[in-house]
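> Below is the file coords_29.pdb, with PDB, C-alpha atoms.
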ATOM      1  CA  MET A   1       0.000   0.000   0.000
ATOM      2  CA  THR A   2       1.527   3.302  -1.068
ATOM      3  CA  PRO A   3       1.683   5.859   1.750
ATOM      4  CA  GLY A   4       0.461   9.412   1.476
ATOM      5  CA  THR A   5       2.819  12.325   0.951
ATOM      6  CA  PRO A   6       4.734  13.902   3.845
ATOM      7  CA  ARG A   7       3.147  16.723   5.795
ATOM      8  CA  THR A   8       4.089  20.284   4.979
ATOM      9  CA  PRO A   9       4.230  23.377   7.236
ATOM     10  CA  GLY A  10       0.788  24.330   5.906
ATOM     11  CA  GLY A  11      -0.773  21.648   8.089
ATOM     12  CA  GLU A  12      -1.751  18.051   7.412
ATOM     13  CA  ALA A  13      -5.419  18.731   6.619
ATOM     14  CA  GLU A  14      -4.544  21.450   4.111
ATOM     15  CA  ASP A  15      -1.821  19.321   2.537
ATOM     16  CA  ALA A  16      -4.115  16.288   2.257
ATOM     17  CA  ALA A  17      -6.812  18.374   0.578
ATOM     18  CA  VAL A  18      -4.287  19.513  -2.030
ATOM     19  CA  ARG A  19      -2.805  16.059  -2.436
ATOM     20  CA  TRP A  20      -5.978  14.029  -2.975
ATOM     21  CA  GLY A  21      -9.164  14.564  -4.979
ATOM     22  CA  ALA A  22     -10.701  14.804  -8.437
ATOM     23  CA  ASP A  23     -12.985  17.337 -10.092
ATOM     24  CA  SER A  24     -13.488  15.365 -13.318
ATOM     25  CA  GLU A  25     -13.315  11.912 -14.874
ATOM     26  CA  TYR A  26     -10.609  13.016 -17.317
ATOM     27  CA  GLY A  27      -7.991  15.150 -15.545
ATOM     28  CA  VAL A  28      -4.552  13.532 -15.709
ATOM     29  CA  LEU A  29      -4.659  10.599 -13.313
ATOM     30  CA  HIS A  30      -1.784  10.397 -10.840
ATOM     31  CA  ASP A  31      -3.053   7.982  -8.164
ATOM     32  CA  VAL A  32      -5.558   5.148  -8.430
ATOM     33  CA  LEU A  33      -7.106   2.744  -5.942
ATOM     34  CA  LEU A  34      -7.469  -0.922  -6.924
ATOM     35  CA  GLY A  35      -9.031  -3.831  -5.073
ATOM     36  CA  PRO A  36      -7.519  -7.273  -4.492
ATOM     37  CA  ALA A  37      -8.069  -9.888  -7.199
ATOM     38  CA  GLU A  38      -7.232 -12.862  -4.965
ATOM     39  CA  ASN A  39     -10.672 -12.786  -3.278
ATOM     40  CA  PHE A  40     -12.663 -12.534  -6.507
ATOM     41  CA  ARG A  41     -15.115 -15.136  -7.750
ATOM     42  CA  TRP A  42     -18.335 -14.895  -9.727
ATOM     43  CA  LEU A  43     -21.530 -14.396  -7.753
ATOM     44  CA  PRO A  44     -25.107 -13.719  -8.965
ATOM     45  CA  THR A  45     -24.759 -10.008  -8.324
ATOM     46  CA  SER A  46     -26.316  -8.644 -11.531
ATOM     47  CA  ALA A  47     -28.051  -9.583 -14.766
ATOM     48  CA  ILE A  48     -24.607  -9.847 -16.354
ATOM     49  CA  SER A  49     -23.058 -12.219 -13.817
ATOM     50  CA  LYS A  50     -26.273 -14.248 -13.544
ATOM     51  CA  ALA A  51     -26.205 -14.790 -17.302
ATOM     52  CA  THR A  52     -22.566 -15.870 -17.056
ATOM     53  CA  LEU A  53     -23.324 -18.380 -14.320
ATOM     54  CA  GLU A  54     -26.401 -19.703 -16.150
ATOM     55  CA  SER A  55     -24.327 -20.202 -19.306
ATOM     56  CA  GLY A  56     -22.211 -22.843 -17.590
ATOM     57  CA  ALA A  57     -18.987 -20.830 -17.975
ATOM     58  CA  LYS A  58     -16.271 -21.735 -15.487
ATOM     59  CA  PHE A  59     -14.490 -19.176 -13.347
ATOM     60  CA  ASP A  60     -10.694 -19.322 -13.598
ATOM     61  CA  GLY A  61      -9.108 -17.626 -10.597
ATOM     62  CA  GLU A  62      -5.580 -17.923 -11.947
ATOM     63  CA  LEU A  63      -6.621 -16.269 -15.201
ATOM     64  CA  ALA A  64      -8.459 -13.512 -13.293
ATOM     65  CA  ARG A  65      -5.328 -12.744 -11.279
ATOM     66  CA  ALA A  66      -3.208 -12.712 -14.441
ATOM     67  CA  GLN A  67      -5.639 -10.313 -16.121
ATOM     68  CA  HIS A  68      -5.583  -8.059 -13.064
ATOM     69  CA  ARG A  69      -1.779  -7.998 -13.234
ATOM     70  CA  GLU A  70      -2.133  -6.894 -16.863
ATOM     71  CA  LEU A  71      -4.367  -4.037 -15.692
ATOM     72  CA  VAL A  72      -1.793  -3.080 -13.056
ATOM     73  CA  SER A  73       0.905  -3.044 -15.740
ATOM     74  CA  ALA A  74      -1.208  -0.739 -17.895
ATOM     75  CA  TYR A  75      -1.493   1.781 -15.057
ATOM     76  CA  GLU A  76       2.187   1.520 -14.206
ATOM     77  CA  GLY A  77       3.147   1.979 -17.856
ATOM     78  CA  ALA A  78       1.037   5.141 -17.909
ATOM     79  CA  GLY A  79       2.894   6.536 -14.890
ATOM     80  CA  VAL A  80       0.009   6.150 -12.434
ATOM     81  CA  THR A  81       0.778   5.358  -8.786
ATOM     82  CA  ILE A  82      -1.242   2.336  -7.658
ATOM     83  CA  HIS A  83      -2.706   1.946  -4.182
ATOM     84  CA  SER A  84      -4.410  -1.230  -2.971
ATOM     85  CA  LEU A  85      -7.221  -2.019  -0.587
ATOM     86  CA  GLU A  86      -6.464  -4.475   2.190
ATOM     87  CA  PRO A  87      -7.813  -7.906   1.121
ATOM     88  CA  ASP A  88     -10.687  -9.409   3.086
ATOM     89  CA  PRO A  89     -11.669 -12.994   2.188
ATOM     90  CA  GLU A  90     -15.292 -12.203   3.115
ATOM     91  CA  LEU A  91     -15.476  -9.592   0.326
ATOM     92  CA  PRO A  92     -15.319 -11.403  -3.043
ATOM     93  CA  TYR A  93     -16.369  -8.349  -5.076
ATOM     94  CA  GLN A  94     -13.936  -5.993  -3.326
ATOM     95  CA  VAL A  95     -11.862  -6.005  -6.532
ATOM     96  CA  PHE A  96     -14.379  -3.538  -8.006
ATOM     97  CA  ALA A  97     -12.881  -0.613  -6.091
ATOM     98  CA  ARG A  98     -15.094   1.942  -7.837
ATOM     99  CA  ASP A  99     -18.134   1.104  -5.745
ATOM    100  CA  SER A 100     -17.028   1.481  -2.121
ATOM    101  CA  SER A 101     -16.132   5.156  -2.429
ATOM    102  CA  VAL A 102     -16.536   8.276  -4.527
ATOM    103  CA  MET A 103     -13.718  10.773  -4.949
ATOM    104  CA  THR A 104     -14.618  14.471  -4.950
ATOM    105  CA  PRO A 105     -12.480  17.616  -4.910
ATOM    106  CA  GLY A 106     -12.992  17.705  -1.133
ATOM    107  CA  GLY A 107     -11.962  14.107  -0.506
ATOM    108  CA  ALA A 108     -13.564  10.693  -0.456
ATOM    109  CA  VAL A 109     -17.195   9.853   0.154
ATOM    110  CA  VAL A 110     -17.549   6.415   1.744
ATOM    111  CA  THR A 111     -20.536   4.701   0.180
ATOM    112  CA  GLN A 112     -23.033   2.144   1.458
ATOM    113  CA  LEU A 113     -23.227  -0.972  -0.703
ATOM    114  CA  ALA A 114     -26.502  -2.794  -1.193
ATOM    115  CA  GLN A 115     -25.764  -6.513  -1.363
ATOM    116  CA  GLN A 116     -24.807  -8.529   1.703
ATOM    117  CA  TRP A 117     -21.579  -9.855   0.194
ATOM    118  CA  ARG A 118     -20.418  -6.284  -0.443
ATOM    119  CA  ARG A 119     -21.776  -4.444   2.564
ATOM    120  CA  GLY A 120     -18.531  -4.698   4.555
ATOM    121  CA  GLU A 121     -16.436  -2.997   1.882
ATOM    122  CA  TYR A 122     -16.750   0.316   3.706
ATOM    123  CA  ALA A 123     -14.303  -0.854   6.411
ATOM    124  CA  PRO A 124     -11.164  -1.339   4.254
ATOM    125  CA  VAL A 125     -11.924   1.978   2.518
ATOM    126  CA  ILE A 126     -12.103   3.895   5.795
ATOM    127  CA  ARG A 127      -8.862   2.284   7.004
ATOM    128  CA  PHE A 128      -7.170   3.113   3.709
ATOM    129  CA  CYS A 129      -8.227   6.769   3.889
ATOM    130  CA  GLN A 130      -7.117   7.097   7.491
ATOM    131  CA  GLU A 131      -3.726   5.470   6.880
ATOM    132  CA  ASN A 132      -3.053   7.695   3.857
ATOM    133  CA  GLU A 133      -4.435  10.937   5.333
ATOM    134  CA  ILE A 134      -7.121  11.184   2.654
ATOM    135  CA  PRO A 135      -9.905  13.521   3.794
ATOM    136  CA  ILE A 136     -13.294  11.837   4.101
ATOM    137  CA  ARG A 137     -15.854  14.280   2.668
ATOM    138  CA  GLY A 138     -18.727  12.269   4.092
ATOM    139  CA  MET A 139     -20.151   8.822   4.802
ATOM    140  CA  ILE A 140     -23.467   7.850   3.271
ATOM    141  CA  THR A 141     -26.077   7.018   5.926
ATOM    142  CA  ALA A 142     -29.457   7.508   4.218
ATOM    143  CA  GLY A 143     -29.484   4.251   2.233
ATOM    144  CA  SER A 144     -27.395   2.403  -0.314
ATOM    145  CA  ILE A 145     -25.379   4.101  -3.036
ATOM    146  CA  GLU A 146     -22.479   2.638  -5.004
ATOM    147  CA  GLY A 147     -19.620   4.450  -6.703
ATOM    148  CA  GLY A 148     -20.408   3.022 -10.123
ATOM    149  CA  ASP A 149     -23.550   5.157 -10.026
ATOM    150  CA  VAL A 150     -21.617   8.409  -9.579
ATOM    151  CA  THR A 151     -19.986  10.224 -12.489
ATOM    152  CA  ILE A 152     -18.353  13.641 -12.521
ATOM    153  CA  VAL A 153     -19.457  14.889 -15.907
ATOM    154  CA  GLU A 154     -17.177  17.931 -15.753
ATOM    155  CA  PRO A 155     -16.006  20.290 -13.017
ATOM    156  CA  GLY A 156     -19.043  21.358 -11.014
ATOM    157  CA  VAL A 157     -21.423  18.825 -12.581
ATOM    158  CA  MET A 158     -22.260  15.367 -11.193
ATOM    159  CA  LEU A 159     -24.499  12.609 -12.535
ATOM    160  CA  ILE A 160     -25.947  10.027 -10.114
ATOM    161  CA  GLY A 161     -27.678   6.886 -11.338
ATOM    162  CA  ASN A 162     -30.690   5.613  -9.408
ATOM    163  CA  GLY A 163     -31.867   2.114 -10.238
ATOM    164  CA  GLU A 164     -33.106   1.374  -6.689
ATOM    165  CA  GLU A 165     -31.519  -2.092  -6.874
ATOM    166  CA  ARG A 166     -28.087  -0.712  -5.897
ATOM    167  CA  THR A 167     -28.533   3.026  -5.398
ATOM    168  CA  GLN A 168     -31.597   4.220  -3.531
ATOM    169  CA  ILE A 169     -33.074   7.653  -4.049
ATOM    170  CA  GLN A 170     -32.581   8.722  -0.416
ATOM    171  CA  ALA A 171     -28.840   8.068  -0.599
ATOM    172  CA  ALA A 172     -28.593   9.715  -4.024
ATOM    173  CA  ARG A 173     -30.276  12.809  -2.590
ATOM    174  CA  GLN A 174     -27.931  12.802   0.419
ATOM    175  CA  LEU A 175     -24.844  12.874  -1.810
ATOM    176  CA  ALA A 176     -26.492  15.405  -4.117
ATOM    177  CA  SER A 177     -27.210  17.718  -1.174
ATOM    178  CA  TRP A 178     -23.541  17.707  -0.156
ATOM    179  CA  MET A 179     -22.361  18.514  -3.676
ATOM    180  CA  GLU A 180     -25.055  21.153  -4.196
ATOM    181  CA  ALA A 181     -23.925  22.797  -0.961
ATOM    182  CA  ASP A 182     -20.515  23.097  -2.653
ATOM    183  CA  GLY A 183     -22.146  24.832  -5.629
ATOM    184  CA  TRP A 184     -22.382  21.829  -7.936
ATOM    185  CA  GLU A 185     -25.134  20.934 -10.389
ATOM    186  CA  VAL A 186     -26.341  17.377  -9.764
ATOM    187  CA  ARG A 187     -28.598  15.306 -12.001
ATOM    188  CA  ILE A 188     -30.150  12.171 -10.472
ATOM    189  CA  GLU A 189     -31.027   9.843 -13.323
ATOM    190  CA  ALA A 190     -33.406   6.901 -13.028
ATOM    191  CA  ILE A 191     -31.922   3.868 -14.789
ATOM    192  CA  PRO A 192     -33.310   0.384 -15.497
ATOM    193  CA  GLY A 193     -32.262  -1.909 -12.656
ATOM    194  CA  GLN A 194     -30.771  -4.538 -14.969
ATOM    195  CA  PHE A 195     -27.946  -2.144 -15.880
ATOM    196  CA  VAL A 196     -26.765  -2.155 -12.244
ATOM    197  CA  HIS A 197     -24.865   1.147 -12.392
ATOM    198  CA  ILE A 198     -24.898   4.193 -14.611
ATOM    199  CA  ASP A 199     -21.312   3.507 -15.704
ATOM    200  CA  VAL A 200     -22.709   0.568 -17.692
ATOM    201  CA  LEU A 201     -24.613   3.188 -19.727
ATOM    202  CA  VAL A 202     -22.376   6.276 -19.654
ATOM    203  CA  SER A 203     -18.655   6.949 -19.338
ATOM    204  CA  ILE A 204     -16.958  10.340 -19.592
ATOM    205  CA  LEU A 205     -13.661   9.723 -21.385
ATOM    206  CA  ALA A 206     -12.314  13.168 -22.291
ATOM    207  CA  PRO A 207     -13.454  16.794 -22.135
ATOM    208  CA  LYS A 208     -16.847  16.947 -23.881
ATOM    209  CA  LEU A 209     -16.615  13.296 -24.934
ATOM    210  CA  ALA A 210     -18.883  10.551 -23.594
ATOM    211  CA  ALA A 211     -19.522   6.920 -24.484
ATOM    212  CA  VAL A 212     -23.252   6.232 -24.145
ATOM    213  CA  CYS A 213     -25.580   3.310 -24.743
ATOM    214  CA  VAL A 214     -28.157   5.508 -26.449
ATOM    215  CA  GLU A 215     -30.566   2.569 -26.879
ATOM    216  CA  ALA A 216     -30.973   2.270 -23.101
ATOM    217  CA  ALA A 217     -30.160   5.731 -21.741
ATOM    218  CA  SER A 218     -33.126   8.073 -21.458
ATOM    219  CA  GLY A 219     -33.694  10.656 -24.131
ATOM    220  CA  GLY A 220     -33.545  13.298 -21.410
ATOM    221  CA  LEU A 221     -30.059  12.215 -20.340
ATOM    222  CA  VAL A 222     -28.755  12.147 -23.897
ATOM    223  CA  ALA A 223     -30.229  15.598 -24.576
ATOM    224  CA  TRP A 224     -28.734  16.906 -21.303
ATOM    225  CA  LEU A 225     -25.247  15.726 -22.286
ATOM    226  CA  ARG A 226     -25.570  17.112 -25.801
ATOM    227  CA  GLY A 227     -26.852  20.384 -24.363
ATOM    228  CA  LYS A 228     -23.595  20.639 -22.430
ATOM    229  CA  GLY A 229     -21.671  20.258 -25.675
ATOM    230  CA  PHE A 230     -20.739  16.599 -25.408
ATOM    231  CA  GLU A 231     -19.903  14.498 -28.433
ATOM    232  CA  ILE A 232     -21.452  11.085 -27.912
ATOM    233  CA  LEU A 233     -19.860   7.825 -29.003
ATOM    234  CA  GLU A 234     -22.762   5.417 -29.343
ATOM    235  CA  VAL A 235     -22.362   1.923 -27.912
ATOM    236  CA  SER A 236     -24.872  -0.793 -28.718
ATOM    237  CA  LEU A 237     -27.100  -2.460 -26.155
ATOM    238  CA  GLU A 238     -25.327  -5.777 -26.703
ATOM    239  CA  ASP A 239     -21.923  -4.175 -26.159
ATOM    240  CA  ALA A 240     -23.145  -2.323 -23.058
ATOM    241  CA  PHE A 241     -24.125  -5.621 -21.426
ATOM    242  CA  GLY A 242     -20.568  -6.759 -22.157
ATOM    243  CA  LEU A 243     -19.253  -3.656 -20.324
ATOM    244  CA  GLY A 244     -18.514  -2.001 -23.658
ATOM    245  CA  VAL A 245     -19.096   1.501 -22.250
ATOM    246  CA  ASN A 246     -17.130   0.889 -19.053
ATOM    247  CA  ALA A 247     -13.758   2.548 -19.684
ATOM    248  CA  ILE A 248     -11.675   4.946 -17.590
ATOM    249  CA  SER A 249      -9.729   7.999 -18.699
ATOM    250  CA  LEU A 250      -6.076   8.444 -17.753
ATOM    251  CA  GLY A 251      -6.204  12.034 -18.976
ATOM    252  CA  ALA A 252      -4.112  13.561 -21.768
ATOM    253  CA  GLU A 253      -6.137  11.671 -24.413
ATOM    254  CA  ARG A 254      -5.452   8.205 -22.954
ATOM    255  CA  VAL A 255      -8.049   5.637 -21.912
ATOM    256  CA  ILE A 256      -8.004   2.192 -20.328
ATOM    257  CA  SER A 257     -10.703   0.033 -21.881
ATOM    258  CA  THR A 258     -10.844  -3.744 -22.357
ATOM    259  CA  ALA A 259      -9.916  -6.001 -25.258
ATOM    260  CA  GLY A 260     -13.572  -6.996 -25.522
ATOM    261  CA  SER A 261     -14.765  -3.424 -26.137
ATOM    262  CA  ALA A 262     -13.685  -3.465 -29.769
ATOM    263  CA  ARG A 263     -16.260  -0.985 -31.097
ATOM    264  CA  LEU A 264     -15.604   1.669 -28.453
ATOM    265  CA  ASN A 265     -11.844   1.212 -28.800
ATOM    266  CA  GLU A 266     -12.106   1.714 -32.565
ATOM    267  CA  GLN A 267     -14.122   4.916 -32.121
ATOM    268  CA  LEU A 268     -11.666   6.301 -29.577
ATOM    269  CA  ARG A 269      -8.635   5.539 -31.734
ATOM    270  CA  SER A 270     -10.294   7.223 -34.718
ATOM    271  CA  LEU A 271     -10.325  10.403 -32.612
ATOM    272  CA  GLY A 272      -6.603  10.112 -31.879
ATOM    273  CA  ILE A 273      -7.068   8.823 -28.321
ATOM    274  CA  GLU A 274      -4.570   6.237 -27.112
ATOM    275  CA  VAL A 275      -6.385   3.114 -25.891
ATOM    276  CA  LEU A 276      -4.877   0.569 -23.513
ATOM    277  CA  ASP A 277      -7.004  -2.559 -23.749
ATOM    278  CA  PRO A 278      -6.025  -5.389 -21.393
ATOM    279  CA  ASP A 279      -8.061  -8.585 -21.480
ATOM    280  CA  LEU A 280     -10.449  -8.319 -18.517
ATOM    281  CA  SER A 281     -12.879 -11.031 -19.584
ATOM    282  CA  MET A 282     -12.964 -12.767 -16.187
ATOM    283  CA  PHE A 283     -14.137  -9.495 -14.656
ATOM    284  CA  THR A 284     -16.564  -8.372 -17.363
ATOM    285  CA  ALA A 285     -18.209 -11.804 -17.159
ATOM    286  CA  GLY A 286     -18.617 -11.138 -13.440
ATOM    287  CA  GLY A 287     -20.281  -7.776 -14.061
ATOM    288  CA  GLY A 288     -17.533  -5.139 -14.050
ATOM    289  CA  GLY A 289     -15.117  -3.525 -16.492
ATOM    290  CA  ALA A 290     -12.127  -1.206 -16.387
ATOM    291  CA  HIS A 291     -14.078   1.671 -14.820
ATOM    292  CA  CYS A 292     -15.547  -0.618 -12.139
ATOM    293  CA  LEU A 293     -12.103  -1.915 -11.173
ATOM    294  CA  ALA A 294     -10.618   1.437 -10.166
ATOM    295  CA  GLN A 295     -11.283   4.544  -8.120
ATOM    296  CA  ALA A 296      -9.387   7.704  -9.007
ATOM    297  CA  LEU A 297      -7.646   9.125  -5.944
ATOM    298  CA  ARG A 298      -5.834  12.091  -7.445
ATOM    299  CA  ARG A 299      -6.339  13.820 -10.753
ATOM    300  CA  GLU A 300      -5.005  17.112 -11.999
ATOM    301  CA  PRO A 301      -7.741  19.747 -11.861
ATOM    302  CA  ALA A 302      -9.616  20.003 -15.142
ATOM    303  CA  ALA A 303     -10.412  23.252 -16.861
ATOM    304  CA  ALA A 304     -14.045  24.190 -16.180
TER
END
In structure tokens, what does this structure look like?


Amino acid sequence: MTPGTPRTPGGEAEDAAVRWGADSEYGVLHDVLLGPAENFRWLPTSAISKATLESGAKFDGELARAQHRELVSAYEGAGVTIHSLEPDPELPYQVFARDSSVMTPGGAVVTQLAQQWRRGEYAPVIRFCQENEIPIRGMITAGSIEGGDVTIVEPGVMLIGNGEERTQIQAARQLASWMEADGWEVRIEAIPGQFVHIDVLVSILAPKLAAVCVEAASGGLVAWLRGKGFEILEVSLEDAFGLGVNAISLGAERVISTAGSARLNEQLRSLGIEVLDPDLSMFTAGGGGAHCLAQALRREPAAA
């Protein structure tokens, strides 16, 4: 686990606030939080993983760990410092580090996960933040909300997915109230429960550039993004269920996607964006892609 930076004469709280945080999904990524792959196995957590299990496919733990090492290598090759959550054998989906927290400019928000096999993920996140002097902006108490349902569209604008299955409206409103108190615009978007999180439908990959499953996203959401000047890369419904939207920006026109997201990768490359595409098939079959597997801890501030 990589430690936080040394204190400065300005005081530890001030230094930590400068050191950690993100105001976008596309500012240059310097530090990322990953979960442990050694605990992972497929569980019937979503429509995607249920379909995998019903298909008779066999989980290969050794292959999953090898694929996770490939993801780690992609981050390291891009110059990103990797931090890791403490493994807990009772938390098989802890590898999807996106969901147990949300990073804001003011520090981390510790979320409340919905399913019993994920509920304890808050504890390693709190310990990690405390050990690394990462400010905790808040802890969700009003209901369940998961980090995959929270997207920073651009500085000062947040999108929260609400499918009720994972993120409940009370918790979405609690987070929204905190961000609105900081002067942010927040859109809470109802999504079909089978998509689990909004990052299965929408990913922000560069300034004014979004990948969207237009077939499943509401017309209001698509119009809202276009009204903000976003170019939309359309991803099919079939690809979305294969986590074909679920990519993460490294900033500076670089994106980590997956080898299976061929159509999105082709569109990104046609725009001159560098795409790193490790094989993450053991994880996408279990319901999560590149975006699900990581939580940004520190990004360079983006231009508003």

> So which residues touch Ala206 in chain A within 12 Å, counting only C-alpha atoms, skipping near sequence neighbours fewer than 3 positions away, as an MDAnalysis selection string?

chainID A and resid 24:28 152:154 203 209:211 230:233 247:256 268 271:274 302:303

> Applied to this file, what does the PyMOL selection byres ((chain A and resi 158) around 10) return in terms of residues, put as a ChimeraX atom specification?

/A:23-24,104,150-157,159-160,176,179-180,184-188

> From the set A:Tyr122, A:Trp178, A:Phe195, A:Tyr93, which residue has the shortest atom-to-atom contact distance to Ser46 in chain A, counting only C-alpha atoms?

A:Phe195

> So which residues touch Gln67 in chain A within 8 Å, counting only C-alpha atoms, skipping near sequence neighbours fewer than 5 positions away, as number ranges by chain?

A: 278-280, 282

> From the options A:Gly138, A:Gly260, A:Gly143, A:Pro301, which residue's atoms come nearest to Ala171 in chain A, counting only C-alpha atoms?

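Smallest distance to Ala171 in chain A is found for A:Gly143.
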
> For the atom pair CA of Ala259 in chain A and CA of Ser236 in chain A, what is the interatomic distance in Å to one decimal place?

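These two atoms are separated by 16.2 Å.
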
> CA of Asp31 in chain A and CA of Leu43 in chain A are how many Å apart?

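Those two atoms sit 29.0 Å apart.
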
> Determine the nearest neighbour of Lys208 in chain A from the options A:Val95, A:Leu225, A:Leu34, A:Val109, counting only C-alpha atoms.

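Closest candidate: A:Leu225.
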
> To one decimal in Å, tell me the separation between CA of Val245 in chain A and CA of Ser261 in chain A.

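Between CA of Val245 in chain A and CA of Ser261 in chain A the gap is 7.6 Å.
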
> If you count all atoms listed in the file, which residues fall within 12 Å of Ala51 in chain A, apart from same-chain ones fewer than 3 positions away, as number ranges by chain?

A: 42-48, 54-57, 194, 241-242, 284-287

> For Met103 in chain A, which of A:Tyr75, A:Phe40, A:Phe128, A:Trp20 is the closest residue, counting all atoms listed in the file?

A:Trp20

> Could you give me, as JSON, numbers by chain, the residues within 10 Å of Gly147 in chain A, counting all atoms listed in the file and dropping anything in the same chain fewer than 2 positions from it?

{"A": [96, 97, 98, 99, 100, 101, 102, 103, 109, 110, 111, 112, 113, 145, 149, 150, 151, 160, 161, 166, 167, 197, 198, 199, 292, 295]}

> Taking all atoms listed in the file into account, name the residue in A:Arg119, A:His68, A:Lys228, A:His83 that is nearest to Val32 in chain A.

A:His83

> Identify which of the residues A:Leu33, A:Gly229, A:Leu243, A:Gln116 lies closest to Pro207 in chain A, counting only C-alpha atoms when measuring atom-to-atom distances.

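Answer, going by the shortest atom-to-atom distance: A:Gly229.
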
> List the neighbours of Glu164 in chain A out to 9 Å using all atoms listed in the file; skip same-chain residues closer than 6 positions along the sequence, and give me the result as a PyMOL selection string.

chain A and resi 144-145+190-193

> With 5 Å on each side, where is the centre of the axis-aligned box around all listed atoms of range 103-119 of chain A, and how long are its edges in Å to one decimal, as JSON?


{"center_x": -19.2, "center_y": 3.9, "center_z": -1.2, "size_x": 24.5, "size_y": 37.6, "size_z": 17.5}
